[in-house]
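The next block holds one structure in the form of structure tokens; read it before the comments.
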Amino acid sequence: AWYFEGEALIQNHRRNVSNDGTLILKDLDKGDSGSYTCVASSPHGKYVWTGHLLVDSPINPNIHFFRAADVSALPGPPTKPLIYNVTENSVTINWNQNNKIGSSSILGYRVEVFSRETLSGNNTPRNSRGWVELAKRVHQTQYTAKNLVPGVTYMFIVRTENSHGLSGPSPISDSIVVGDDTNSLWETGVYSNNTEFRNNILTDNIVELIEATPIDAKT
């Protein structure tokens, strides 16, 4: 679902959402400037991301415009990250490089992690949620994520970077819960094909009590 300035986006000949959920804007004018929010939903919850668009004259000397890189110049995404060496608070992932290098040499890889819980530790911004950048310009095809919280479900993606920009994301890794005995069952394949168990382990808390305010002595 798409929203413009907090209101449900109304589709017309200039604003259209394709079958895969992509928002396409045509014949833009300054009235199209504002915040655009995409809400992705599944049976396990939803996630929201907002981007801000500013439409201005291309001859405005006060704005420095950038041209997006040609997709053919970008590298291809890496393979699905595989999980190894799970400890109480860390996990090592590795992946393979895509054969598509793009129009410039590979500068490294960007590793991102997802959790519905608040992420913390030396590797993540404080109080971050959703997809968070763990590392960039990683030169090897493996990375160890440290300072993870036991009992929390994590998933990983990797992107390839060259001088023209970033690739699309790799396939999402299998979910992993550090400091949990069930991980040994994942590694031995006991649960690898169990859809019900996988769905359960992905269902973390998606609602958090931010503040409770007393109204009177009984409310």
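Residue names in the structure tokens use chain letters A, B, ... in the order shown, residue numbers from 1 in each chain, and ligand numbers from 1 in the order shown.
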
For stretch 37-86 of chain A versus stretch 127-151 of chain A, which residues have an atom no more than 10 Å away, and what is each residue's nearest atom pair and distance in Å rounded to one decimal, using only C-alpha atoms, chain-then-number order, as a tab-separated table?
```
residue	atom	partner	partner_atom	distance
A:Tyr47	CA	A:Gly130	CA	7.6
A:Val48	CA	A:Gly130	CA	8.9
A:Trp49	CA	A:Gly130	CA	9.4
A:Pro78	CA	A:Thr141	CA	9.1
A:Pro81	CA	A:Gln142	CA	8.6
A:Leu82	CA	A:Gln142	CA	9.2
A:Ile83	CA	A:Thr144	CA	9.7
A:Tyr84	CA	A:Thr144	CA	9.2
A:Asn85	CA	A:Thr144	CA	8.8
A:Val86	CA	A:Thr144	CA	9.6
```

Would you mind exporting N, CA and C atoms of the selected residues as a PDB file, in the first residue's frame?
```pdb
ATOM      1  N   TYR A  47       5.771  -3.678   7.694  1.00  0.00           N
ATOM      2  CA  TYR A  47       6.918  -2.795   7.819  1.00  0.00           C
ATOM      3  C   TYR A  47       6.678  -1.568   6.948  1.00  0.00           C
ATOM      4  N   VAL A  48       7.125  -0.417   7.434  1.00  0.00           N
ATOM      5  CA  VAL A  48       6.850   0.857   6.782  1.00  0.00           C
ATOM      6  C   VAL A  48       8.165   1.550   6.444  1.00  0.00           C
ATOM      7  N   TRP A  49       8.232   2.130   5.259  1.00  0.00           N
ATOM      8  CA  TRP A  49       9.404   2.912   4.871  1.00  0.00           C
ATOM      9  C   TRP A  49       8.923   4.154   4.125  1.00  0.00           C
ATOM     10  N   PRO A  78      24.676 -10.639  -4.662  1.00  0.00           N
ATOM     11  CA  PRO A  78      25.330 -11.890  -4.260  1.00  0.00           C
ATOM     12  C   PRO A  78      24.313 -13.017  -4.089  1.00  0.00           C
ATOM     13  N   PRO A  81      22.949 -15.507   1.603  1.00  0.00           N
ATOM     14  CA  PRO A  81      23.916 -15.710   2.689  1.00  0.00           C
ATOM     15  C   PRO A  81      23.607 -16.992   3.462  1.00  0.00           C
ATOM     16  N   LEU A  82      24.645 -17.767   3.728  1.00  0.00           N
ATOM     17  CA  LEU A  82      24.516 -18.996   4.504  1.00  0.00           C
ATOM     18  C   LEU A  82      25.065 -18.761   5.906  1.00  0.00           C
ATOM     19  N   ILE A  83      24.456 -19.394   6.883  1.00  0.00           N
ATOM     20  CA  ILE A  83      24.772 -19.138   8.280  1.00  0.00           C
ATOM     21  C   ILE A  83      25.686 -20.233   8.833  1.00  0.00           C
ATOM     22  N   TYR A  84      26.773 -19.796   9.507  1.00  0.00           N
ATOM     23  CA  TYR A  84      27.728 -20.715  10.118  1.00  0.00           C
ATOM     24  C   TYR A  84      28.132 -20.181  11.492  1.00  0.00           C
ATOM     25  N   ASN A  85      28.742 -21.049  12.280  1.00  0.00           N
ATOM     26  CA  ASN A  85      29.402 -20.653  13.532  1.00  0.00           C
ATOM     27  C   ASN A  85      28.509 -19.787  14.414  1.00  0.00           C
ATOM     28  N   VAL A  86      27.373 -20.326  14.793  1.00  0.00           N
ATOM     29  CA  VAL A  86      26.453 -19.608  15.669  1.00  0.00           C
ATOM     30  C   VAL A  86      26.931 -19.740  17.115  1.00  0.00           C
TER      31      VAL A  86
END
```

Might you pull out every residue within 7 Å of A:Pro171, with only C-alpha atoms counted and same-chain residues fewer than 6 positions away left off, and present them as a short mmCIF file (atom, residue, chain, number, x, y, z; two decimals) with N, CA, C and O atoms, in the first residue's frame?
```cif
data_model
loop_
_atom_site.label_atom_id
_atom_site.label_comp_id
_atom_site.auth_asym_id
_atom_site.auth_seq_id
_atom_site.Cartn_x
_atom_site.Cartn_y
_atom_site.Cartn_z
N THR A 79 24.82 -14.21 -3.85
CA THR A 79 23.95 -15.35 -3.57
C THR A 79 23.39 -15.25 -2.15
O THR A 79 23.81 -14.41 -1.36
N LYS A 80 22.46 -16.12 -1.83
CA LYS A 80 21.85 -16.14 -0.50
C LYS A 80 22.90 -16.36 0.58
O LYS A 80 23.70 -17.30 0.49
N ILE A 157 20.83 -9.84 4.65
CA ILE A 157 21.00 -9.72 3.21
C ILE A 157 22.36 -9.08 2.93
O ILE A 157 22.96 -8.46 3.82
#
```

Long-range neighbours of stretch 54-70 of chain A as a tab-separated table (two decimals) with C-alpha atoms, in the first residue's frame, 10 Å cut-off, only C-alpha atoms, 2 positions minimum in chain:
```
chain	number	residue	atom	x	y	z
A	28	LEU	CA	5.86	15.54	-12.24
A	29	ASP	CA	5.31	19.07	-10.98
A	30	LYS	CA	6.09	20.78	-7.67
A	31	GLY	CA	2.75	19.62	-6.26
A	32	ASP	CA	4.13	16.08	-6.28
A	33	SER	CA	6.81	17.04	-3.73
A	34	GLY	CA	6.32	15.42	-0.34
A	35	SER	CA	6.65	12.18	1.59
A	52	HIS	CA	10.86	12.23	0.49
A	72	SER	CA	23.52	-2.25	-16.49
A	73	ALA	CA	26.45	-0.45	-14.83
A	74	LEU	CA	25.60	-1.86	-11.40
A	102	GLY	CA	28.98	-4.15	-13.82
A	103	SER	CA	30.88	-1.31	-15.45
A	163	SER	CA	31.87	2.80	-8.17
A	164	HIS	CA	28.48	3.17	-9.92
A	165	GLY	CA	26.43	2.15	-6.88
A	166	LEU	CA	24.87	-0.79	-5.04
```

Best match for closeness to A:Ile176 among A:Ser105, A:Asn89, A:Thr213, A:Gln97, counting only C-alpha atoms: A:Asn89

I need the strand (DSSP E) residues of stretch 42-143 of chain A per DSSP on the backbone, written as a PyMOL selection string. chain A and resi 42+45-53+82-84+91-94+106-119+128-138+142-143

What are the DSSP alpha helix (DSSP H) residues of stretch 4-195 of chain A, as a PDB file with N, CA and C atoms, in the first residue's frame?
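In the end it all went to part_22.pdb:
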```
ATOM      1  N   THR A 182      17.542 -24.386  19.549  1.00  0.00           N
ATOM      2  CA  THR A 182      16.911 -24.810  18.298  1.00  0.00           C
ATOM      3  C   THR A 182      17.836 -24.599  17.110  1.00  0.00           C
ATOM      4  N   ASN A 183      18.882 -23.751  17.240  1.00  0.00           N
ATOM      5  CA  ASN A 183      19.790 -23.524  16.122  1.00  0.00           C
ATOM      6  C   ASN A 183      20.512 -24.794  15.711  1.00  0.00           C
ATOM      7  N   SER A 184      20.833 -25.650  16.681  1.00  0.00           N
ATOM      8  CA  SER A 184      21.509 -26.898  16.336  1.00  0.00           C
ATOM      9  C   SER A 184      20.606 -27.775  15.489  1.00  0.00           C
ATOM     10  N   LEU A 185      19.284 -27.661  15.719  1.00  0.00           N
ATOM     11  CA  LEU A 185      18.334 -28.425  14.911  1.00  0.00           C
ATOM     12  C   LEU A 185      18.236 -27.856  13.507  1.00  0.00           C
ATOM     13  N   TRP A 186      18.373 -26.511  13.375  1.00  0.00           N
ATOM     14  CA  TRP A 186      18.408 -25.912  12.037  1.00  0.00           C
ATOM     15  C   TRP A 186      19.622 -26.435  11.283  1.00  0.00           C
ATOM     16  N   GLU A 187      20.797 -26.455  11.953  1.00  0.00           N
ATOM     17  CA  GLU A 187      22.030 -26.825  11.276  1.00  0.00           C
ATOM     18  C   GLU A 187      22.021 -28.276  10.833  1.00  0.00           C
ATOM     19  N   THR A 195       7.719 -25.863   7.632  1.00  0.00           N
ATOM     20  CA  THR A 195       7.155 -24.538   7.391  1.00  0.00           C
ATOM     21  C   THR A 195       6.509 -23.967   8.642  1.00  0.00           C
TER      22      THR A 195
END
```

What is the distance between atom CA of A:Tyr36 and atom CA of A:Arg14, in Å to one decimal? 14.6 Å

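The space separating atom CA of A:Val177 from atom CA of A:Tyr109 comes to 23.5 Å.
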
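Each of A:Asn98, A:Gly179, A:Val17, A:Arg110 was checked against A:Val152 using only C-alpha atoms; the smallest atom-to-atom distance is that of A:Gly179.
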
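The coordinates place atom CA of A:Leu25 at 23.5 Å from atom CA of A:Pro169.
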
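Restricting the calculation to only C-alpha atoms, the smallest distance between A:Ser41 and any of A:Ala217, A:Lys100, A:Asn12, A:Gly21 is found for A:Gly21.
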
A:Asp20, A:Gly45, A:Trp95, A:Ile172: which is nearest A:Val207, counting only C-alpha atoms? A:Gly45
